Amino acid sequence: MKTPVCSYGIMLVLLSLLAVLQATTALKNGIDIYSLTVDSKVSSRFAHTVVTSRVVNKAETVQEATFQMELPKKAFITNFSMIIDGVTYPGNIKEKVAAQKEYSAAVARGESAGLVKATGRNMERFQVSVNVAPEAKVTFELVYEELLKRRLGVYELLLKVQPKQLVKHLQMDIHIFEPQGISFLETESTFMTNELADALTVSQNMTKAHIRFKPTLSQQRKSPEQQDTVLNGNFIVRYDVNRTVSGGSIQIENGYFVHYFAPEGLPTIPKNVIFVIDQSGSMAGRKIQQTRDALIKIVDDLGPKDQFNLVCFNEEATQWKPSLVPASAENMKEARNFAAGIMARGGTNINDAVLLAVQLLERANKQELLPAGSVSLIILLTDGDPTVGETNRANIQKNVQEAISGQCSLFCLGFGFHVSYAFLEKLALDNGGLARRIYEDSDSALQLQDFYQEVANPLLMKVAFEYPSNAVEEVTQDNFRLLFKGSEMVVAGKLRDKGPDVLSAKVRGQLHLQNITFQTEASVAEKEEEFRSPKYIFHSFMERLWAYLTIQQLLERAVSASDSEKQALETRALSLSLNYSFVTPLTSMVVTKPEGQEESRVAEKPVENENRHRNIHVGQSFFRSHSTGDGRSRITAGTSERLSSFQRRFGQPGPLHPPRGPFLPDHMLLPDISLAPPVPEGVFHDMDLRTKETIIMAAPPPAPIQAPPVILPLPGQSVDWLCVDIKRSQGLMKLLSDPDQGVEVTGQYETEKAQFAWIEVTFKNPQLQVRASPEHVVVTRNRRSTAHKWKETLFSVIPGLKMTMDSAGLLLLTSPDKVTIGLLSWDGPGKGLRLLLQDTDRFSSHVGGALGQFYQDVLWGPPAAADDNKRTLRVQGHDHPATRELKLDYQEGLPGREISCWSVEL
């Protein structure tokens with residue numbers, strides 16, 4: 001697979017999905033998916049995705065086939081149809097009220113929204129069932145569209161693949177066309193192996209990219225003996241486009257234009273931020289712990305020119321400091337200590353808490369303590385509705401809006417599903433911010449940190465787009481309060497007939513201490529020509545992009561509008577939804593079926609607040625057929641051929657003296673049980689001749705063999721392995737550092753557990769950080785963090801680095817001509833992490849660190865005269881006694897394998 005060269009940082013995200021074909025018992029009931037294809041065309045950020053699934057009923061009786069698919073919440077379904085026996089049954093998009101009246105019987109049964117349901121954090125599931133006669137074939141086709149939004153510099157195409165059966169023709173094609181130029185492209189998967197990776201091809205030139213995934217039947221099989229599919233998980237494509245400091249990129253197609261604005265190289269504006277934290281009783285337990293963890297990390301990320309304060313509330317609101325304080329090292333340390341002590345108890349007084357934060361900002365402004373040209377933000381986190389003080393939500397919204405009066409931006413985070421999201425959304429939108437739901441999960445702290453990163457770096461204030469009145473009409477929102485680093489402003493509109501040949505644009509905004517104007521021009525004829533050549537560009541996509549963006553913005557404005565304004569906004573949004581056949585919150589799609597089958601049903605788009613009090617399961621499948629028995633997948637992420645042959649070479653535990661050379665296992669199994677060595681079978685019987693009684697006496701067990709936390713392969717030496725025992729608490733340890741290879745490994749070792757509490761690997765090129773703890777592997781790139789649970793398979797290929805993790809919890813970080821670093825999740829006594837190394841001969845002469853020193857000028861002294869199992873290891877002028885000992889190596893799993901290695905202590 002060709003891997004493009006990374007330039008700089010946006011990663012563009014398309015959320016697209018594969019269809020899920022679901023039959024009652026898959027092959028057992030005769031429903032066979034013989035073809036499933038996904039064709040996604042991404043033209044200038046606008047994604048048009050067509051999912052086509054074909055099934056046949058091989059049974060002798062009528063069977064039910066179910067088409068099921070997950071699509072992004074921000075996407076609009078534009079078409080769905082079924083072709084049965086050559087007859088097409090289309091879906092018809094109508095006004096929601098009219099559709100519900102027409103199908104009142106279905107509404108009465110609660111089925112009006114039964115075809116689309118929210119699932120996971122960002123997805124919606126569409127599902128339709130139909131009866132299929134023997135030998136009959138059915139074709140399902142669903143189309144949806146979405147304008148991709150830039151978030152933390154990332155756009156992502158997510159495909160969840162889980163067919164639960166082998167598919168003869170399975171193909172996914174993603175075509176990307178970006179006139180700005182594609183600078184970066186990468187793929188990631190939770191089911192891919194080296195063998196399956198051969199089914200993936202990626203090609204790219206300056207402006208186009210094509211990703212194709214087309215696995216054969218044999219590649220889909222878990223093993224040659226099994227009919228089960230290995231496809232079970234996520235497939236992700238990310239890409240970036242070229243950007244400059246200019247006024248952005250204007251693109252034109254078929255009489256419509258879109259203007260993307262995300263200039264590079266602007267300095268960050270200082271900010272005054274107040275965190276308003278709910279510490280009511282409902283936050284007790286894991287939620288308050290994760291909030292504390294997130295706050296500690298967020299405080300660390302404050303800039304040197306920032307000011308901040310903390311407000312905590314239950315029945316009452318209390319401030320950490322009497323006023324905002326600079327983000328100095330001393331203040332941040334004190335804030336971390338304060339955050340660590342936040343406890344949850346009592347009721348919820350949201351009104352007083354937010355008003356206290358506003359008062360703190362007002363007082364600082366009157367005292368001229370806010371830096372000139374700075375940005376003021378309030379970030380509210382709560383998990384419940386107001387229960388103390390002012391509890392009327394409308395009154396709270398009014399009080400807060402009057403108090404803020406446009407002087408700062410309010411961002412609202414709703415923790416879990418016991419909070420009124422509609423209330424928080426209006427509260428935020430009324431005051432120039434946005435709302436976000438934080439999902440109760442093991443990565444909630446990471447979600448909070450990621451949200452903060454979205455607003456952590458304001459670049460421009462009061463941004464206004466200007467176009468000549470004789471050139472454009474029907475322009476979307478063209479005034480914005482703030483531009484944050486990693487985001488993107490988008491303005492679309494219609495060109496006037498007989499307008500000028502050159503479209504000019506100005507973007508005005510405020511930097512820290514000055515105003516700035518960006519200017520750009522675009523030749524209408526040249527820009528139109530750019531979209532005529534690519535064969536895979538769908539017609540009039542920019543007009544649909546304009547309609548999509550207009551509808552989204554109208555619906556958002558309606559949230560905070562008065563009743564009369566809301567009616568006008570929704571009327572226009574409804575008209576556009578019907579004209580462009582979008583299933584939006586204002587329209588429904590009526591899905592018809594052949595006569596005599598179940599009554600036709602209505603598909604409606606769920607809104608965020610309908611998820612309240614509902615359990616959301618993250619990561620639902622896409623391709624799926626119902627089947628009996630255990631359908632869980634047991635997949636091991638592919639590693640190199642040398643690694644995959646490890647078990648074949650060494651077999652089961654047993655050999656006392658290991659073969660020479662470095663190794664890393666391909667598969668490990670580490671169940672959560674005690675690792676204490678079993679009592680040996682050696683016992684003896686002593687017979688008392690006088691009493692004829694048999695006394696059984698157990699021989700005393702030998703001293704347990706220890707498992708060292710680090711086993712280092714030492715290439716080029718006469719000895720095989722070095723087992724390093726860390727006996728003294730050393731706090732934060734720099735384990736490895738090789739500037740030539742651009743890699744550094746640090747860790748926190750816990751001597752009482754004899755394990756690492758965390759290990760962090762930092763790469764210079766590509767710029768990426770991997771931090772592993774017993775709970776998660778967190779990958780951070782371009783300020784965006786992604787959490788992976790241990791023992792979830794992962795296969796990620798980015799320019800210059802490959803990450804793989806198998807179902808046993810082994811994460812491998814490999815790169816051409818560089819040392820391979822392995823991190824192993826340890827479930828034994830003293831739960832923690834282990835560090836593994838391979839290809840250590842690739843270390844440069846500048847390697848250092850507590851472990852890296854053993855790859856620099858290592859000299860072995862001769863065996864001791866009295867004991868040839870003792871030698872001296874001289875490293876950088878320091879002598880380390882080394883003793884040949886038996887150690888337990890659990891890298892292959894339980895019960896562990898005895899190895900003989902040279903043991904040294906640090």
# chains A, B, ... in the order shown; residues from 1 in each chain; ligands from 1
>>> residues_around(residues="Ser189 (chain A)", least_positions_apart="2", cutoff="7 Å", atoms="only C-alpha atoms", output="JSON, numbers by chain")
{"A": [187, 191, 192, 234, 235, 236, 794, 795, 796]}
>>> residues_around(residues="Leu356 (chain A)", least_positions_apart="3", cutoff="8 Å", atoms="only C-alpha atoms", output="list in words")
Val311, Ala317, Asp352, Ala353, Gln359 and Leu360 of chain A
>>> write_last_selection(atoms="N, CA and C atoms", output="PDB file, in the first residue's frame")
ATOM      1  N   VAL A 311     -15.109  27.430  39.488  1.00  0.00           N
ATOM      2  CA  VAL A 311     -16.325  27.576  40.278  1.00  0.00           C
ATOM      3  C   VAL A 311     -16.938  26.188  40.434  1.00  0.00           C
ATOM      4  N   ALA A 317     -22.833  27.878  45.079  1.00  0.00           N
ATOM      5  CA  ALA A 317     -21.695  28.025  44.175  1.00  0.00           C
ATOM      6  C   ALA A 317     -20.538  28.670  44.929  1.00  0.00           C
ATOM      7  N   ASP A 352     -27.105  30.011  39.926  1.00  0.00           N
ATOM      8  CA  ASP A 352     -26.155  30.806  40.708  1.00  0.00           C
ATOM      9  C   ASP A 352     -24.720  30.544  40.290  1.00  0.00           C
ATOM     10  N   ALA A 353     -24.431  29.317  39.886  1.00  0.00           N
ATOM     11  CA  ALA A 353     -23.061  28.974  39.500  1.00  0.00           C
ATOM     12  C   ALA A 353     -22.628  29.743  38.253  1.00  0.00           C
ATOM     13  N   GLN A 359     -20.065  37.158  37.027  1.00  0.00           N
ATOM     14  CA  GLN A 359     -19.671  38.247  37.925  1.00  0.00           C
ATOM     15  C   GLN A 359     -18.156  38.333  38.071  1.00  0.00           C
ATOM     16  N   LEU A 360     -17.483  37.178  38.119  1.00  0.00           N
ATOM     17  CA  LEU A 360     -16.026  37.177  38.210  1.00  0.00           C
ATOM     18  C   LEU A 360     -15.393  37.853  36.996  1.00  0.00           C
TER      19      LEU A 360
END
>>> closest_residue(among="A:Asp867, A:Glu488, A:Asp293, A:Glu526", to="Leu503 (chain A)", atoms="only C-alpha atoms")
A:Glu526
>>> residues_around(residues="Leu835 (chain A)", least_positions_apart="6", cutoff="10 Å", atoms="only C-alpha atoms", output="ChimeraX atom specification")
/A:709-712,735,745,747,755-756,759,810-811,821-825
>>> write_last_selection(atoms="all heavy atoms", output="compact mmCIF listing (two decimals), in the first residue's frame")
# COMPACT_ATOMS: atom_id res chain seq x y z
N PRO A 709 10.21 -7.05 35.07
CA PRO A 709 9.34 -6.12 34.32
C PRO A 709 9.85 -5.81 32.93
O PRO A 709 9.08 -5.43 32.06
CB PRO A 709 9.34 -4.86 35.20
CG PRO A 709 10.62 -4.93 35.97
CD PRO A 709 10.87 -6.38 36.20
N VAL A 710 11.16 -5.96 32.72
CA VAL A 710 11.74 -5.64 31.41
C VAL A 710 12.71 -6.74 31.02
O VAL A 710 13.57 -7.12 31.80
CB VAL A 710 12.48 -4.29 31.43
CG1 VAL A 710 13.05 -3.99 30.05
CG2 VAL A 710 11.57 -3.16 31.88
N ILE A 711 12.56 -7.27 29.81
CA ILE A 711 13.50 -8.23 29.24
C ILE A 711 14.07 -7.59 27.99
O ILE A 711 13.33 -7.29 27.04
CB ILE A 711 12.82 -9.57 28.92
CG1 ILE A 711 12.23 -10.19 30.19
CG2 ILE A 711 13.81 -10.53 28.27
CD1 ILE A 711 11.46 -11.47 29.95
N LEU A 712 15.38 -7.36 27.98
CA LEU A 712 16.02 -6.66 26.86
C LEU A 712 16.80 -7.64 26.00
O LEU A 712 17.70 -8.32 26.50
CB LEU A 712 16.98 -5.59 27.39
CG LEU A 712 16.39 -4.47 28.26
CD1 LEU A 712 17.50 -3.53 28.69
CD2 LEU A 712 15.32 -3.72 27.50
N LEU A 735 13.13 6.08 30.08
CA LEU A 735 13.55 4.71 29.81
C LEU A 735 14.42 4.62 28.57
O LEU A 735 15.46 3.95 28.57
CB LEU A 735 12.32 3.82 29.65
CG LEU A 735 11.37 3.80 30.85
CD1 LEU A 735 10.11 3.01 30.53
CD2 LEU A 735 12.06 3.21 32.07
N VAL A 745 10.92 7.23 25.29
CA VAL A 745 10.01 6.43 26.10
C VAL A 745 10.22 6.80 27.56
O VAL A 745 11.35 6.73 28.07
CB VAL A 745 10.26 4.91 25.90
CG1 VAL A 745 9.26 4.11 26.72
CG2 VAL A 745 10.17 4.53 24.43
N GLY A 747 8.30 6.52 31.66
CA GLY A 747 7.37 5.68 32.40
C GLY A 747 7.40 5.98 33.89
O GLY A 747 8.32 6.63 34.40
N GLN A 755 5.58 -3.18 38.62
CA GLN A 755 4.99 -2.95 37.31
C GLN A 755 5.08 -1.47 36.97
O GLN A 755 5.26 -0.63 37.86
CB GLN A 755 3.51 -3.38 37.27
CG GLN A 755 3.24 -4.81 37.61
CD GLN A 755 3.80 -5.77 36.58
OE1 GLN A 755 4.02 -5.40 35.45
NE2 GLN A 755 4.04 -7.01 36.99
N PHE A 756 4.94 -1.16 35.70
CA PHE A 756 4.83 0.23 35.29
C PHE A 756 3.38 0.69 35.43
O PHE A 756 2.46 0.03 34.94
CB PHE A 756 5.28 0.41 33.83
CG PHE A 756 6.76 0.35 33.65
CD1 PHE A 756 7.38 -0.81 33.20
CD2 PHE A 756 7.56 1.46 33.93
CE1 PHE A 756 8.74 -0.87 33.03
CE2 PHE A 756 8.93 1.40 33.76
CZ PHE A 756 9.53 0.23 33.32
N ILE A 759 3.26 4.07 30.71
CA ILE A 759 4.40 4.21 29.80
C ILE A 759 3.97 5.13 28.67
O ILE A 759 2.87 4.99 28.13
CB ILE A 759 4.86 2.85 29.24
CG1 ILE A 759 5.39 1.95 30.37
CG2 ILE A 759 5.94 3.04 28.17
CD1 ILE A 759 5.74 0.55 29.90
N LEU A 810 -1.35 -6.81 23.35
CA LEU A 810 0.01 -6.45 22.93
C LEU A 810 -0.07 -5.37 21.87
O LEU A 810 -0.62 -5.58 20.80
CB LEU A 810 0.76 -7.66 22.38
CG LEU A 810 2.13 -7.35 21.76
CD1 LEU A 810 3.09 -6.83 22.82
CD2 LEU A 810 2.71 -8.57 21.07
N LEU A 811 0.48 -4.20 22.18
CA LEU A 811 0.53 -3.08 21.24
C LEU A 811 1.94 -2.99 20.69
O LEU A 811 2.91 -2.89 21.45
CB LEU A 811 0.15 -1.78 21.94
CG LEU A 811 0.30 -0.51 21.10
CD1 LEU A 811 -0.75 -0.46 20.00
CD2 LEU A 811 0.20 0.73 21.98
N ILE A 821 8.81 -1.07 19.33
CA ILE A 821 8.49 -0.92 20.75
C ILE A 821 7.16 -1.62 21.01
O ILE A 821 6.17 -1.38 20.32
CB ILE A 821 8.41 0.56 21.15
CG1 ILE A 821 9.76 1.22 20.93
CG2 ILE A 821 7.95 0.71 22.60
CD1 ILE A 821 9.74 2.72 21.13
N GLY A 822 7.16 -2.48 22.01
CA GLY A 822 5.94 -3.19 22.38
C GLY A 822 5.50 -2.80 23.78
O GLY A 822 6.32 -2.63 24.69
N LEU A 823 4.20 -2.63 23.97
CA LEU A 823 3.60 -2.37 25.28
C LEU A 823 2.59 -3.47 25.55
O LEU A 823 1.73 -3.75 24.72
CB LEU A 823 2.93 -1.00 25.31
CG LEU A 823 3.81 0.20 24.97
CD1 LEU A 823 2.99 1.48 24.97
CD2 LEU A 823 4.96 0.32 25.94
N LEU A 824 2.71 -4.08 26.72
CA LEU A 824 1.88 -5.23 27.05
C LEU A 824 1.02 -4.94 28.26
O LEU A 824 1.52 -4.52 29.30
CB LEU A 824 2.77 -6.46 27.32
CG LEU A 824 2.08 -7.72 27.82
CD1 LEU A 824 1.10 -8.25 26.77
CD2 LEU A 824 3.11 -8.79 28.17
N SER A 825 -0.28 -5.14 28.12
CA SER A 825 -1.20 -5.01 29.24
C SER A 825 -1.03 -6.20 30.17
O SER A 825 -1.08 -7.35 29.74
CB SER A 825 -2.64 -4.95 28.73
OG SER A 825 -3.56 -5.01 29.79
>>> closest_residue(among="A:Ser560, A:Ser203, A:Asn782, A:Ser533", to="Gly486 (chain A)", atoms="only C-alpha atoms")
A:Asn782
>>> select_by_dssp(residues="region 60-234 of chain A", states="strand (DSSP E)", output="PyMOL selection string")
chain A and resi 63-72+76-84+87-95+116-119+123-132+137-147+154-161+169-177+182-189+200-204+208-213+233-234
>>> closest_residue(among="A:Ile296, A:Val502, A:Val777, A:Ala75", to="Glu124 (chain A)", atoms="only C-alpha atoms")
A:Ala75
>>> closest_atom_pairs(of="region 95-168 of chain A", to="region 535-542 of chain A", cutoff="12 Å", atoms="only C-alpha atoms", output="JSON lines")
{"residue": "A:Glu145", "atom": "CA", "partner": "A:Phe541", "partner_atom": "CA", "distance": 9.7}
{"residue": "A:Glu146", "atom": "CA", "partner": "A:Phe541", "partner_atom": "CA", "distance": 10.7}
{"residue": "A:Leu147", "atom": "CA", "partner": "A:Met542", "partner_atom": "CA", "distance": 10.2}
>>> select_by_dssp(residues="region 175-413 of chain A", states="helix (DSSP H, G or I)", output="number ranges by chain")
A: 194-197, 217-220, 281-283, 286-300, 329-340, 350-366, 393-404
>>> closest_residue(among="A:Arg121, A:Arg292, A:His210, A:Lys297", to="Pro534 (chain A)", atoms="only C-alpha atoms")
A:His210
>>> closest_atom_pairs(of="region 270-305 of chain A", to="region 397-417 of chain A", cutoff="12 Å", atoms="only C-alpha atoms", output="CSV")
residue,atom,partner,partner_atom,distance
A:Lys271,CA,A:Cys408,CA,10.5
A:Asn272,CA,A:Cys408,CA,9.4
A:Val273,CA,A:Cys408,CA,9.6
A:Ile274,CA,A:Leu410,CA,9.8
A:Phe275,CA,A:Phe411,CA,9.8
A:Val276,CA,A:Cys412,CA,9.5
A:Ile277,CA,A:Leu413,CA,9.9
A:Asp278,CA,A:Phe415,CA,9.7
A:Gln279,CA,A:Phe415,CA,11.9
A:Ser282,CA,A:Phe415,CA,10.4
A:Met283,CA,A:Phe415,CA,8.9
A:Arg286,CA,A:Phe415,CA,11.6
A:Lys287,CA,A:Phe415,CA,8.1
A:Ile288,CA,A:Phe415,CA,10.3
A:Gln290,CA,A:Phe415,CA,10.8
A:Thr291,CA,A:Phe415,CA,9.8
>>> write_last_selection(atoms="N, CA, C and O atoms", output="short mmCIF file (atom, residue, chain, number, x, y, z; two decimals), in the first residue's frame")
data_model
loop_
_atom_site.label_atom_id
_atom_site.label_comp_id
_atom_site.auth_asym_id
_atom_site.auth_seq_id
_atom_site.Cartn_x
_atom_site.Cartn_y
_atom_site.Cartn_z
N LYS A 271 -6.68 33.93 26.64
CA LYS A 271 -8.08 33.71 27.04
C LYS A 271 -8.23 33.80 28.55
O LYS A 271 -7.29 33.54 29.31
N ASN A 272 -9.42 34.19 28.95
CA ASN A 272 -9.84 34.20 30.34
C ASN A 272 -10.93 33.15 30.46
O ASN A 272 -12.01 33.31 29.90
N VAL A 273 -10.63 32.07 31.15
CA VAL A 273 -11.56 30.94 31.16
C VAL A 273 -11.94 30.59 32.59
O VAL A 273 -11.08 30.55 33.49
N ILE A 274 -13.23 30.37 32.80
CA ILE A 274 -13.73 29.94 34.10
C ILE A 274 -14.43 28.60 33.91
O ILE A 274 -15.35 28.48 33.08
N PHE A 275 -13.99 27.60 34.64
CA PHE A 275 -14.59 26.28 34.60
C PHE A 275 -15.64 26.19 35.71
O PHE A 275 -15.33 26.41 36.89
N VAL A 276 -16.87 25.89 35.34
CA VAL A 276 -17.98 25.79 36.29
C VAL A 276 -18.34 24.31 36.42
O VAL A 276 -18.89 23.72 35.50
N ILE A 277 -18.02 23.71 37.56
CA ILE A 277 -18.05 22.26 37.71
C ILE A 277 -19.16 21.84 38.68
O ILE A 277 -19.22 22.29 39.83
N ASP A 278 -20.01 20.96 38.22
CA ASP A 278 -21.08 20.38 39.04
C ASP A 278 -20.46 19.37 40.01
O ASP A 278 -19.81 18.41 39.60
N GLN A 279 -20.67 19.60 41.30
CA GLN A 279 -20.21 18.64 42.31
C GLN A 279 -21.39 18.18 43.18
O GLN A 279 -21.23 17.88 44.36
N SER A 282 -25.25 13.63 42.43
CA SER A 282 -25.38 12.73 41.27
C SER A 282 -24.06 12.55 40.54
O SER A 282 -23.92 11.64 39.72
N MET A 283 -23.08 13.41 40.82
CA MET A 283 -21.77 13.28 40.19
C MET A 283 -20.86 12.32 40.94
O MET A 283 -19.71 12.09 40.54
N ARG A 286 -17.55 7.50 39.68
CA ARG A 286 -16.62 7.61 38.56
C ARG A 286 -16.71 8.95 37.85
O ARG A 286 -15.71 9.48 37.36
N LYS A 287 -17.91 9.56 37.81
CA LYS A 287 -18.05 10.82 37.09
C LYS A 287 -17.21 11.93 37.72
O LYS A 287 -16.52 12.67 37.01
N ILE A 288 -17.25 12.05 39.04
CA ILE A 288 -16.47 13.11 39.67
C ILE A 288 -14.98 12.80 39.60
O ILE A 288 -14.15 13.70 39.45
N GLN A 290 -13.48 11.20 37.10
CA GLN A 290 -13.05 11.53 35.74
C GLN A 290 -13.01 13.03 35.52
O GLN A 290 -12.15 13.53 34.80
N THR A 291 -13.94 13.74 36.16
CA THR A 291 -13.92 15.20 36.06
C THR A 291 -12.66 15.76 36.70
O THR A 291 -12.01 16.66 36.16
#
